[in-house]
Amino acid sequence: MARILAITNQKGGVGKTTTSVNLAASLGAARRKVLLVDLDPQGNATMGSGVDKRTLKATVYQVLIGAQTLSEVRVRAPAGDYDLLPANRELAGAEVEMVDIDRRELRLKEALDAVTDEYDYILIDCPPALNLLTVNGLTAAHAVMIPMQCEYYALEGLSDLVSTIKKVRAHLNPAIEIEGLLRTMYDPRNTLAQQVSAQLLQHFGDKVYRTVIPRNVRLAEAPSHGVPALKFDKTSKGAQAYLALAGEMLNRREQAPQA
Ligand SMILES: Nc1ncnc2c1ncn2[C@@H]1O[C@H](COP(=O)(O)OP(=O)(O)OP(=O)(O)O)[C@@H](O)[C@H]1O
Ligand SMILES: [Mg+2]
């Protein structure tokens with residue numbers, strides 16, 4: 001059974017998609033079987049995985065509305081060792097169209113149930129909003145990974161996210177937990193970043209990954225070539241940081257007592 005992680009933060013541009021794509025590639029490189037779900041109408045994880053969102057006949061949208069099965073729609077990411085459930089702008093309509101659908105918060109969970117034993121990890125790249133798509137992601141997940149930039153408003157945004165997670169836990173997914181907080185685009189010379197990072201460690205302790213993702217131009221360049229940083233420049237600090245994150249995640253799970 002796969003471990004299902006929602007990569008989420010309602011704040012835009014904090015590194016959710018960069019983390020989703022590069023973690024999927026890193027876990028794939030570590031011989032884990034991975035499915036990456038693009039749950040954002042922007043389709044950035046799709047493009048960043050080397051799949052042209054404009055030419056897709058079917059996406060996660062058809063899966064959510066029940067028109068097609070996940071197995072019919074997923075593709076192999078051409079640029080990485082993982083499968084991709086792609087998305088494009090069509091998904092923007094899902095919010096409205098799903099209003100009349102039964103059990104609408106559970107659509108993704110039910111779709112993933114059918115394939116969960118084919119994977120070790122399923123990563124869900126959520127959109128920058130606390131909307132029905134994100135709720136589908138949170139309902140389907142065992143845990144959330146929260147990428148965040150260490151800046152002034154970061155902690156404030158975090159409390160909104162934590163209260164959404166609590167609501168999802170109360171009503172839809174009693175087992176959901178925080179897998180970890182990931183410091184992204186980190187610049188160790190920036191005093192404010194150091195302070196926010198220290199606060200984060202104080203509040204969340206072991207939930208904060210020891211691995212820090214530095215600001216690294218290779219991570220920003222790779223998507224325009226439709227590849228994870230690992231394929232673009234394996235030796236870059238960015239690619240290496242995501243490999244380290246995958247290692248930290250795997251170590252944590254292997255050391256954790258098995259239920
Ligand atoms: N560690 C990094 N170093 C340099 N640039 C980065 C890094 N992480 C992300 N970026 C760049 O910052 C921008 C935002 O990153 P990304 O798209 O991953 O964020 P996001 O949270 O998915 O955004 P959205 O909320 O729009 O979905 C992108 O241009 C990306 O290439
Ligand atoms: Mg994104």
# chains A, B, ... in the order shown; residues from 1 in each chain; ligands from 1

call {"tool": "closest_atom_pairs", "arguments": {"of": "chain A", "to": "ligand 1", "cutoff": "10 Å", "atoms": "only C-alpha atoms and all ligand atoms", "output": "tab-separated table"}}
result
residue	atom	partner	partner_atom_place_in_ligand_line	distance
A:Ile7	CA	ligand 1	22 (O)	9.1
A:Thr8	CA	ligand 1	21 (O)	7.9
A:Asn9	CA	ligand 1	21 (O)	7.0
A:Gln10	CA	ligand 1	25 (O)	7.0
A:Lys11	CA	ligand 1	25 (O)	6.0
A:Gly12	CA	ligand 1	25 (O)	3.1
A:Gly13	CA	ligand 1	23 (O)	3.3
A:Val14	CA	ligand 1	21 (O)	3.9
A:Gly15	CA	ligand 1	18 (O)	3.2
A:Lys16	CA	ligand 1	22 (O)	3.8
A:Thr17	CA	ligand 1	22 (O)	3.6
A:Thr18	CA	ligand 1	18 (O)	3.6
A:Thr19	CA	ligand 1	18 (O)	6.3
A:Ser20	CA	ligand 1	18 (O)	7.9
A:Val21	CA	ligand 1	18 (O)	8.6
A:Asn22	CA	ligand 1	18 (O)	9.6
A:Leu39	CA	ligand 1	27 (O)	9.7
A:Asp40	CA	ligand 1	27 (O)	7.0
A:Pro41	CA	ligand 1	27 (O)	9.2
A:Gln42	CA	ligand 1	27 (O)	7.3
A:Gly43	CA	ligand 1	27 (O)	8.8
A:Asn44	CA	ligand 1	17 (O)	6.8
A:Ala45	CA	ligand 1	22 (O)	8.0
A:Gly48	CA	ligand 1	17 (O)	9.4
A:Asp125	CA	ligand 1	22 (O)	7.5
A:Cys126	CA	ligand 1	27 (O)	7.2
A:Pro127	CA	ligand 1	27 (O)	5.3
A:Pro128	CA	ligand 1	25 (O)	4.3
A:Ala129	CA	ligand 1	25 (O)	8.0
A:Ile146	CA	ligand 1	21 (O)	9.7
A:Pro147	CA	ligand 1	21 (O)	7.6
A:Met148	CA	ligand 1	21 (O)	8.3
A:Gln149	CA	ligand 1	8 (N)	9.2
A:Arg183	CA	ligand 1	1 (N)	9.0
A:Thr184	CA	ligand 1	1 (N)	5.4
A:Met185	CA	ligand 1	1 (N)	3.9
A:Tyr186	CA	ligand 1	1 (N)	6.9
A:Asp187	CA	ligand 1	1 (N)	9.4
A:Val212	CA	ligand 1	1 (N)	9.1
A:Ile213	CA	ligand 1	1 (N)	5.5
A:Pro214	CA	ligand 1	1 (N)	5.0
A:Arg215	CA	ligand 1	3 (N)	3.4
A:Asn216	CA	ligand 1	3 (N)	3.9
A:Val217	CA	ligand 1	4 (C)	4.9
A:Arg218	CA	ligand 1	4 (C)	7.1
A:Leu219	CA	ligand 1	4 (C)	5.4
A:Ala220	CA	ligand 1	31 (O)	3.3
A:Glu221	CA	ligand 1	31 (O)	6.5
A:Ala222	CA	ligand 1	31 (O)	7.7
A:Pro223	CA	ligand 1	31 (O)	6.8
A:Ser224	CA	ligand 1	31 (O)	8.8
A:Lys237	CA	ligand 1	1 (N)	9.1
A:Gly238	CA	ligand 1	1 (N)	6.3
A:Ala239	CA	ligand 1	1 (N)	9.5
A:Ala241	CA	ligand 1	1 (N)	9.0
A:Tyr242	CA	ligand 1	1 (N)	9.5

call {"tool": "residues_around", "arguments": {"residues": "A:Leu64", "least_positions_apart": "5", "cutoff": "10 Å", "atoms": "only C-alpha atoms", "output": "ChimeraX atom specification"}}
result
/A:59,69-70,91,94,98,101,104-111,133,136

call {"tool": "atom_distance", "arguments": {"atom1": "atom CA of A:Asn173", "atom2": "atom CA of A:Ala143"}}
result
10.0 Å

call {"tool": "residues_around", "arguments": {"residues": "A:His225", "least_positions_apart": "4", "cutoff": "10 Å", "atoms": "only C-alpha atoms", "output": "short mmCIF file (atom, residue, chain, number, x, y, z; two decimals) with N, CA, C and O atoms, in the first residue's frame"}}
result
data_model
loop_
_atom_site.label_atom_id
_atom_site.label_comp_id
_atom_site.auth_asym_id
_atom_site.auth_seq_id
_atom_site.Cartn_x
_atom_site.Cartn_y
_atom_site.Cartn_z
N MET A 47 3.78 19.85 -16.95
CA MET A 47 4.79 20.39 -17.86
C MET A 47 6.20 20.09 -17.33
O MET A 47 7.10 19.73 -18.10
N GLY A 48 6.39 20.25 -16.03
CA GLY A 48 7.70 20.04 -15.42
C GLY A 48 8.15 18.58 -15.47
O GLY A 48 9.33 18.28 -15.28
N SER A 49 7.18 17.69 -15.73
CA SER A 49 7.50 16.27 -15.87
C SER A 49 7.72 15.89 -17.33
O SER A 49 7.92 14.72 -17.65
N GLY A 50 7.60 16.88 -18.22
CA GLY A 50 7.85 16.62 -19.63
C GLY A 50 6.63 16.19 -20.42
O GLY A 50 6.75 15.62 -21.51
N ALA A 79 10.45 12.12 -18.42
CA ALA A 79 11.73 12.61 -17.92
C ALA A 79 12.08 12.12 -16.53
O ALA A 79 13.01 12.61 -15.90
N GLU A 221 15.32 26.53 -13.57
CA GLU A 221 15.53 26.36 -15.01
C GLU A 221 14.99 25.03 -15.53
O GLU A 221 14.50 24.95 -16.66
N ALA A 229 15.22 18.47 -11.89
CA ALA A 229 16.61 18.95 -11.80
C ALA A 229 17.61 17.80 -11.86
O ALA A 229 18.71 17.94 -12.38
N LYS A 231 17.59 15.31 -13.75
CA LYS A 231 17.92 14.99 -15.14
C LYS A 231 18.61 16.17 -15.83
O LYS A 231 19.29 16.01 -16.83
N PHE A 232 18.40 17.35 -15.30
CA PHE A 232 18.92 18.57 -15.93
C PHE A 232 20.37 18.80 -15.50
O PHE A 232 21.24 19.07 -16.32
#

call {"tool": "atom_distance", "arguments": {"atom1": "atom CA of A:Leu155", "atom2": "atom CA of A:His203"}}
result
9.9 Å

call {"tool": "closest_residue", "arguments": {"among": "A:Leu130, A:Phe204, A:Leu192, A:Ala58", "to": "A:Asp160", "atoms": "only C-alpha atoms"}}
result
A:Leu130

call {"tool": "atom_distance", "arguments": {"atom1": "atom CA of A:Arg31", "atom2": "atom CA of A:Ile4"}}
result
16.8 Å

call {"tool": "closest_residue", "arguments": {"among": "A:Val37, A:Val162, A:Val96, A:Leu243", "to": "ligand 2", "atoms": "only C-alpha atoms and all ligand atoms"}}
result
A:Val37

call {"tool": "closest_residue", "arguments": {"among": "A:Gly157, A:Pro228, A:Gly28, A:Gly247", "to": "A:Ile122", "atoms": "only C-alpha atoms"}}
result
A:Gly28
